[in-house]
$ cat my_file-v9.cif   # mmCIF, C-alpha atoms
data_input
loop_
_atom_site.label_atom_id
_atom_site.label_comp_id
_atom_site.auth_asym_id
_atom_site.auth_seq_id
_atom_site.Cartn_x
_atom_site.Cartn_y
_atom_site.Cartn_z
CA MET Y 6 -80.70 -154.73 124.28
CA LYS Y 7 -82.00 -156.99 127.02
CA ASN Y 8 -85.77 -157.44 127.32
CA TRP Y 9 -87.41 -156.68 130.66
CA ARG Y 10 -91.03 -156.89 131.77
CA PHE Y 11 -92.84 -153.59 132.31
CA LEU Y 12 -95.85 -153.59 134.65
CA PRO Y 13 -97.95 -150.46 134.00
CA LEU Y 14 -99.19 -148.17 136.76
CA GLU Y 15 -101.72 -149.83 139.07
CA VAL Y 16 -103.38 -148.89 142.35
CA ASN Y 17 -103.27 -151.28 145.32
CA ASN Y 18 -103.45 -151.17 149.09
CA GLY Y 19 -100.20 -151.04 151.03
CA PHE Y 20 -100.14 -154.74 151.93
CA LEU Y 21 -100.52 -155.88 148.33
CA ASN Y 22 -97.98 -153.37 147.00
CA MET Y 23 -95.27 -154.62 149.35
CA ALA Y 24 -96.24 -158.28 148.89
CA LEU Y 25 -96.06 -157.98 145.11
CA ASP Y 26 -92.61 -156.42 145.22
CA GLU Y 27 -91.37 -159.32 147.37
CA ALA Y 28 -93.17 -161.96 145.31
CA ILE Y 29 -91.56 -160.69 142.11
CA LEU Y 30 -88.18 -160.60 143.86
CA GLN Y 31 -88.54 -164.22 144.98
CA ASN Y 32 -89.53 -165.26 141.47
CA VAL Y 33 -86.59 -163.43 139.88
CA ILE Y 34 -84.24 -165.17 142.34
CA ARG Y 35 -85.71 -168.52 141.24
CA LYS Y 36 -85.54 -167.48 137.58
CA LYS Y 37 -89.30 -167.86 137.29
CA SER Y 38 -89.89 -164.19 136.40
CA PRO Y 39 -88.05 -161.76 134.14
CA ASN Y 40 -86.30 -158.63 135.37
CA THR Y 41 -89.12 -156.22 136.09
CA LEU Y 42 -89.92 -152.51 136.24
CA ARG Y 43 -93.18 -151.72 137.98
CA PHE Y 44 -95.13 -148.54 138.81
CA TYR Y 45 -97.85 -148.30 141.44
CA LYS Y 46 -99.91 -146.03 143.65
CA TRP Y 47 -101.39 -146.56 147.12
CA LYS Y 48 -105.07 -146.71 148.09
CA PRO Y 49 -105.72 -146.10 150.89
CA SER Y 50 -102.79 -143.88 151.77
CA THR Y 51 -100.17 -145.92 153.60
CA ALA Y 52 -97.42 -145.38 156.14
CA SER Y 53 -94.44 -147.66 155.59
CA ILE Y 54 -91.52 -148.24 157.94
CA GLY Y 55 -88.10 -149.63 157.11
CA ARG Y 56 -87.27 -153.23 157.91
CA ASN Y 57 -85.32 -152.32 161.08
CA GLN Y 58 -87.56 -149.61 162.50
CA SER Y 59 -89.85 -149.57 165.53
CA LEU Y 60 -93.50 -149.01 164.65
CA SER Y 61 -94.38 -147.11 167.84
CA ALA Y 62 -91.36 -144.82 167.47
CA GLU Y 63 -92.21 -143.81 163.90
CA ILE Y 64 -95.99 -143.82 163.33
CA ASN Y 65 -98.96 -142.15 164.99
CA ILE Y 66 -101.08 -145.30 165.02
CA ASP Y 67 -104.25 -143.68 166.40
CA PHE Y 68 -104.26 -141.17 163.55
CA THR Y 69 -103.78 -143.86 160.87
CA LYS Y 70 -106.67 -145.84 162.38
CA GLU Y 71 -108.89 -142.76 162.43
CA LYS Y 72 -108.14 -142.06 158.76
CA LYS Y 73 -108.29 -145.77 157.80
CA PHE Y 74 -104.79 -145.65 156.35
CA ASN Y 75 -102.71 -148.81 155.95
CA VAL Y 76 -99.47 -149.28 157.90
CA VAL Y 77 -96.82 -151.71 156.62
CA ARG Y 78 -93.24 -152.76 157.31
CA ARG Y 79 -91.04 -152.98 154.22
CA ILE Y 80 -88.31 -155.55 153.58
CA THR Y 81 -86.11 -152.68 152.37
CA GLY Y 82 -84.20 -150.32 154.63
CA GLY Y 83 -84.55 -146.59 155.07
CA GLY Y 84 -86.86 -144.46 157.17
CA ALA Y 85 -90.59 -144.13 157.71
CA ILE Y 86 -92.53 -142.76 154.74
CA PHE Y 87 -96.08 -141.57 154.16
CA HIS Y 88 -97.40 -142.71 150.78
CA ASP Y 89 -100.21 -140.30 149.90
CA GLU Y 90 -102.72 -141.86 147.52
CA TYR Y 91 -103.23 -138.53 145.74
CA ARG Y 92 -99.69 -137.19 145.72
CA GLU Y 93 -97.23 -139.94 144.80
CA ILE Y 94 -96.17 -142.54 142.26
CA THR Y 95 -93.82 -145.36 143.32
CA TYR Y 96 -91.53 -147.43 141.15
CA SER Y 97 -89.80 -150.75 141.83
CA ILE Y 98 -87.02 -152.52 139.96
CA ILE Y 99 -86.11 -156.16 140.48
CA CYS Y 100 -83.09 -157.76 138.78
CA PRO Y 101 -79.86 -159.69 139.45
CA ILE Y 102 -77.09 -157.58 140.98
CA LYS Y 103 -74.77 -158.90 138.26
CA PHE Y 104 -76.86 -157.06 135.65
CA LEU Y 105 -75.90 -153.74 137.29
CA GLU Y 106 -72.30 -154.82 137.80
CA ASP Y 107 -72.00 -155.64 134.12
CA LEU Y 108 -73.00 -152.03 133.41
CA GLY Y 109 -70.06 -150.84 135.52
CA ALA Y 110 -71.92 -150.29 138.81
CA ARG Y 111 -69.79 -152.32 141.23
CA LYS Y 112 -70.51 -150.53 144.52
CA VAL Y 113 -73.88 -150.31 146.28
CA ILE Y 114 -74.06 -146.52 145.89
CA GLU Y 115 -73.19 -146.85 142.19
CA GLN Y 116 -76.06 -149.29 141.75
CA TYR Y 117 -78.46 -146.91 143.52
CA GLU Y 118 -77.35 -144.13 141.23
CA LEU Y 119 -77.53 -146.22 138.07
CA ILE Y 120 -81.14 -147.10 138.81
CA THR Y 121 -82.15 -143.59 139.88
CA HIS Y 122 -80.53 -142.25 136.71
CA GLY Y 123 -83.59 -143.70 135.00
CA ILE Y 124 -85.76 -141.17 136.85
CA LEU Y 125 -83.46 -138.28 135.98
CA THR Y 126 -83.44 -139.34 132.33
CA GLY Y 127 -87.21 -139.78 132.23
CA LEU Y 128 -87.90 -136.38 133.75
CA GLN Y 129 -85.44 -134.75 131.39
CA ILE Y 130 -87.73 -135.88 128.56
CA LEU Y 131 -90.41 -133.73 130.22
CA GLY Y 132 -88.11 -130.73 130.52
CA LEU Y 133 -87.13 -131.15 134.18
CA GLU Y 134 -83.46 -130.88 135.12
CA THR Y 135 -83.04 -132.89 138.31
CA GLU Y 136 -79.99 -134.05 140.25
CA LYS Y 137 -78.85 -136.83 142.54
CA GLY Y 138 -78.41 -136.13 146.23
CA LEU Y 139 -78.00 -137.89 149.56
CA ILE Y 140 -80.50 -137.09 152.33
CA HIS Y 141 -80.35 -140.00 154.80
CA CYS Y 142 -80.62 -142.26 151.73
CA PRO Y 143 -79.96 -141.70 148.00
CA ALA Y 144 -82.43 -139.05 146.86
CA ILE Y 145 -83.30 -137.06 143.75
CA LEU Y 146 -83.62 -133.29 143.89
CA LEU Y 147 -85.36 -130.59 141.89
CA ASP Y 148 -83.99 -127.08 142.48
CA GLY Y 149 -82.20 -128.46 145.54
CA LYS Y 150 -85.37 -129.95 147.07
CA LYS Y 151 -86.04 -133.68 147.50
CA PHE Y 152 -88.85 -135.34 145.58
CA SER Y 153 -87.66 -138.94 145.52
CA GLY Y 154 -86.25 -141.23 148.20
CA ASN Y 155 -85.14 -144.80 147.47
CA ALA Y 156 -84.46 -148.03 149.36
CA GLN Y 157 -83.03 -151.46 148.59
CA VAL Y 158 -82.92 -155.03 149.69
CA ARG Y 159 -80.22 -157.32 148.33
CA THR Y 160 -80.58 -161.08 148.71
CA LYS Y 161 -79.38 -164.24 146.94
CA GLY Y 162 -77.70 -162.29 144.17
CA CYS Y 163 -80.72 -160.13 143.35
CA ILE Y 164 -81.82 -156.61 144.17
CA LEU Y 165 -85.17 -154.95 144.80
CA GLN Y 166 -85.01 -151.16 144.71
CA HIS Y 167 -88.11 -149.07 145.06
CA GLY Y 168 -88.66 -145.39 145.55
CA THR Y 169 -91.11 -142.55 145.74
CA ILE Y 170 -91.79 -139.84 143.19
CA LEU Y 171 -93.64 -136.99 144.89
CA LEU Y 172 -96.22 -135.27 142.72
CA ASP Y 173 -97.30 -132.88 145.49
CA ILE Y 174 -96.85 -132.65 149.26
CA ASP Y 175 -99.03 -132.05 152.29
CA PRO Y 176 -96.47 -131.69 155.11
CA ASP Y 177 -99.11 -131.26 157.81
CA LEU Y 178 -100.81 -134.56 156.88
CA MET Y 179 -97.41 -136.23 156.52
CA TYR Y 180 -96.43 -135.34 160.08
CA SER Y 181 -99.83 -136.22 161.44
CA VAL Y 182 -99.03 -139.77 160.28
CA LEU Y 183 -95.28 -139.79 160.96
CA LYS Y 184 -93.92 -138.97 164.40
CA ALA Y 185 -91.52 -136.07 164.65
CA PRO Y 186 -88.17 -136.87 166.30
CA GLU Y 187 -88.33 -136.75 170.08
CA ASN Y 188 -86.55 -133.42 170.45
CA ILE Y 189 -88.20 -131.78 167.44
CA GLY Y 190 -91.85 -130.76 167.35
CA LYS Y 191 -94.35 -131.31 164.55
CA THR Y 192 -94.44 -127.62 163.60
CA ARG Y 193 -90.70 -127.59 163.00
CA MET Y 194 -90.84 -130.78 160.92
CA VAL Y 195 -93.68 -129.39 158.78
CA LYS Y 196 -91.62 -126.25 158.11
CA SER Y 197 -88.60 -128.42 157.29
CA VAL Y 198 -90.55 -130.48 154.75
CA ARG Y 199 -91.88 -127.33 153.10
CA SER Y 200 -88.36 -125.93 152.77
CA LYS Y 201 -86.58 -129.16 151.75
CA CYS Y 202 -89.11 -131.18 149.70
CA VAL Y 203 -91.08 -130.54 146.53
CA GLY Y 204 -93.71 -132.16 144.34
CA ILE Y 205 -92.91 -132.27 140.63
CA LYS Y 206 -96.45 -132.10 139.22
CA ASP Y 207 -96.64 -128.32 138.99
CA HIS Y 208 -93.21 -128.20 137.33
CA ILE Y 209 -94.33 -130.33 134.37
CA LEU Y 210 -95.96 -128.49 131.50
CA ASN Y 211 -99.46 -129.88 130.78
CA TYR Y 212 -99.03 -132.63 133.36
CA GLU Y 213 -100.68 -135.97 132.65
CA GLU Y 214 -100.11 -139.10 134.73
CA ILE Y 215 -99.78 -141.39 131.72
CA LYS Y 216 -97.30 -139.00 130.10
CA LEU Y 217 -95.17 -139.02 133.26
CA VAL Y 218 -95.16 -142.82 133.52
CA ASN Y 219 -94.32 -143.25 129.83
CA SER Y 220 -91.44 -140.79 130.14
CA LEU Y 221 -90.10 -142.59 133.22
CA LYS Y 222 -90.38 -145.89 131.37
CA ARG Y 223 -88.30 -144.45 128.53
CA GLY Y 224 -85.84 -143.03 131.04
CA PHE Y 225 -85.26 -146.37 132.72
CA GLY Y 226 -84.93 -148.06 129.34
CA ASN Y 227 -82.28 -145.57 128.22
CA ALA Y 228 -80.39 -145.57 131.54
CA LEU Y 229 -80.20 -149.36 131.80
CA GLY Y 230 -79.94 -150.16 128.09
CA ILE Y 231 -83.05 -152.35 128.18
CA GLU Y 232 -86.15 -152.91 126.08
CA LEU Y 233 -89.26 -152.78 128.26
CA GLU Y 234 -92.12 -154.97 127.07
CA GLU Y 235 -95.50 -154.46 128.69
CA GLY Y 236 -96.61 -157.54 130.59
CA SER Y 237 -98.72 -158.65 133.50
CA LEU Y 238 -98.29 -160.39 136.82
CA TYR Y 239 -97.89 -164.15 136.71
CA LYS Y 240 -100.41 -166.35 138.50
CA ASN Y 241 -97.75 -167.71 140.85
CA GLU Y 242 -96.69 -164.14 141.74
CA ILE Y 243 -100.25 -163.27 142.69
CA LYS Y 244 -100.59 -166.50 144.68
CA LEU Y 245 -97.33 -165.86 146.52
CA ALA Y 246 -98.29 -162.23 147.20
CA LYS Y 247 -101.55 -163.34 148.81
CA LYS Y 248 -99.61 -165.73 151.04
CA LEU Y 249 -97.14 -162.98 151.96
CA ILE Y 250 -100.00 -160.67 152.92
CA LYS Y 251 -101.43 -163.30 155.24
CA ASP Y 252 -98.14 -164.52 156.72
CA LYS Y 253 -96.22 -161.24 156.84
CA TYR Y 254 -97.56 -157.89 155.70
CA SER Y 255 -100.91 -157.95 157.51
CA ASN Y 256 -99.46 -159.92 160.44
CA ILE Y 257 -99.15 -157.84 163.61
CA ASN Y 258 -96.05 -159.80 164.64
CA TRP Y 259 -94.20 -158.61 161.52
CA LEU Y 260 -95.44 -155.05 161.91
CA LYS Y 261 -94.46 -154.89 165.59
CA LYS Y 262 -91.24 -156.85 165.14
CA TYR Y 263 -89.14 -154.41 167.20
CA GLU Y 264 -91.66 -153.38 169.86
#

$ encode --input "my_file-v9.cif" --output "structure tokens"
Amino acid sequence: MKNWRFLPLEVNNGFLNMALDEAILQNVIRKKSPNTLRFYKWKPSTASIGRNQSLSAEINIDFTKEKKFNVVRRITGGGAIFHDEYREITYSIICPIKFLEDLGARKVIEQYELITHGILTGLQILGLETEKGLIHCPAILLDGKKFSGNAQVRTKGCILQHGTILLDIDPDLMYSVLKAPENIGKTRMVKSVRSKCVGIKDHILNYEEIKLVNSLKRGFGNALGIELEEGSLYKNEIKLAKKLIKDKYSNINWLKKYE
């Protein structure tokens, strides 16, 4: 079994979370960091937009300012997301694409599914039977409702995939932050979220955050055939992340790239 680094659940603001994912990716590309599985939460709550999206088209900026939420642009694709500090855990995986290919995942969708199989396997340990789906992007479903969306960036032979794991949902807050599509009102979107999305917390017997993270860790280990050894961030990763926050993630030019 191949050894990977496991970074235990931590809580950061939105700028640092995205900067750390990119810093680890850059280090893995340069072979300065091991393949890494990381879990994190968001404080304050954060709206994130995909790398090709327009900020003004996706986010209610006045509301995020009023609530003192962060707003960030990801380097991964996909749509706008609201990361609720109380209702979500996020994972990220960084490794060479060849690692996934060697496990038989040759196509992009196969690599998505191989990684997300770690979530399915981890939740199965807790008694949840979940399934893969496709709702705009590869998703994971519980009783036909989405609780996890995922996004990737692929560069210089390496992959960063990260995704949400909804513990609970507040659709009204979500669509106070996110803008409803132009021809669809907020009320309709809130109803849609309630009917199509679910949080998993209430479906786990005797839920504990640490128990969930440990089960997901085991799930990823089993799905990818890896041994996860608990580690910490390297000094150069932290240094690079701080630079990325200054130069990119907190920079208005990056955030408003398509305005």

$ residues_around --input "my_file-v9.cif" --residues "segment 106-122 of chain Y" --least-positions-apart "4" --cutoff "7 Å" --atoms "only C-alpha atoms" --output "ChimeraX atom specification"
/Y:102,126,228

$ write_last_selection --input "my_file-v9.cif" --atoms "C-alpha atoms" --output "PDB file, in the frame of the given file"
ATOM      1  CA  ILE Y 102     -77.090-157.580 140.980  1.00  0.00           C
ATOM      2  CA  THR Y 126     -83.440-139.340 132.330  1.00  0.00           C
ATOM      3  CA  ALA Y 228     -80.390-145.570 131.540  1.00  0.00           C
TER       4      ALA Y 228
END

$ resolve_selection --input "my_file-v9.cif" --expression "the PyMOL selection byres ((chain Y and resi 8-10) around 7)" --output "list in words"
Met6, Lys7, Phe11, Leu12, Pro39, Asn40, Thr41, Leu42, Ile231, Glu232, Leu233, Glu234, Glu235 and Gly236 of chain Y

$ write_last_selection --input "my_file-v9.cif" --atoms "C-alpha atoms" --output "compact mmCIF listing (two decimals), in the frame of the given file"
# COMPACT_ATOMS: atom_id res chain seq x y z
CA MET Y 6 -80.70 -154.73 124.28
CA LYS Y 7 -82.00 -156.99 127.02
CA PHE Y 11 -92.84 -153.59 132.31
CA LEU Y 12 -95.85 -153.59 134.65
CA PRO Y 39 -88.05 -161.76 134.14
CA ASN Y 40 -86.30 -158.63 135.37
CA THR Y 41 -89.12 -156.22 136.09
CA LEU Y 42 -89.92 -152.51 136.24
CA ILE Y 231 -83.05 -152.35 128.18
CA GLU Y 232 -86.15 -152.91 126.08
CA LEU Y 233 -89.26 -152.78 128.26
CA GLU Y 234 -92.12 -154.97 127.07
CA GLU Y 235 -95.50 -154.46 128.69
CA GLY Y 236 -96.61 -157.54 130.59

$ resolve_selection --input "my_file-v9.cif" --expression "the PyMOL selection byres ((chain Y and resi 170-185) around 7)" --output "list in words"
Glu63, Ile64, Asn65, Phe68, Thr69, Phe87, Arg92, Glu93, Ile94, Thr95, Phe152, Ser153, Gly168, Thr169, Pro186, Glu187, Ile189, Gly190, Lys191, Met194, Val195, Val198, Arg199, Val203, Gly204, Ile205 and Lys206 of chain Y

$ closest_residue --input "my_file-v9.cif" --among "Y:Lys261, Y:Arg43, Y:Lys240, Y:His208" --to "Leu128 of chain Y" --atoms "all atoms listed in the file"
Y:His208

$ resolve_selection --input "my_file-v9.cif" --expression "the PyMOL selection byres ((chain Y and resi 30) around 8)" --output "PyMOL selection string"
chain Y and resi 26-29+31-34+99-100+163-165

$ closest_residue --input "my_file-v9.cif" --among "Y:Ile80, Y:Leu221, Y:Val158, Y:Leu60" --to "Gln129 of chain Y" --atoms "only C-alpha atoms"
Y:Leu221

$ residues_around --input "my_file-v9.cif" --residues "Tyr254 of chain Y" --least-positions-apart "4" --cutoff "10 Å" --atoms "all atoms listed in the file" --output "JSON, numbers by chain"
{"Y": [19, 20, 21, 22, 23, 24, 76, 77, 78, 79, 80, 246, 247, 248, 249, 250, 258, 259, 260]}

$ atom_distance --input "my_file-v9.cif" --atom1 "atom CA of Asn17 of chain Y" --atom2 "atom CA of Thr51 of chain Y"
10.3 Å

$ atom_distance --input "my_file-v9.cif" --atom1 "atom CA of Gly154 of chain Y" --atom2 "atom CA of Ile243 of chain Y"
26.7 Å

$ atom_distance --input "my_file-v9.cif" --atom1 "atom CA of Gly55 of chain Y" --atom2 "atom CA of Lys151 of chain Y"
18.7 Å

$ closest_residue --input "my_file-v9.cif" --among "Y:Ile209, Y:Lys73, Y:Glu136, Y:Lys262" --to "Ile54 of chain Y" --atoms "only C-alpha atoms"
Y:Lys262

$ closest_residue --input "my_file-v9.cif" --among "Y:Cys202, Y:Ile257, Y:Leu229, Y:Leu238" --to "Gly149 of chain Y" --atoms "only C-alpha atoms"
Y:Cys202

$ residues_around --input "my_file-v9.cif" --residues "Ser50 of chain Y" --least-positions-apart "6" --cutoff "6 Å" --atoms "only C-alpha atoms" --output "JSON, numbers by chain"
{"Y": [74, 88, 89, 90]}

$ residues_around --input "my_file-v9.cif" --residues "His167 of chain Y" --least-positions-apart "5" --cutoff "8 Å" --atoms "only C-alpha atoms" --output "ChimeraX atom specification"
/Y:95-98,155-157
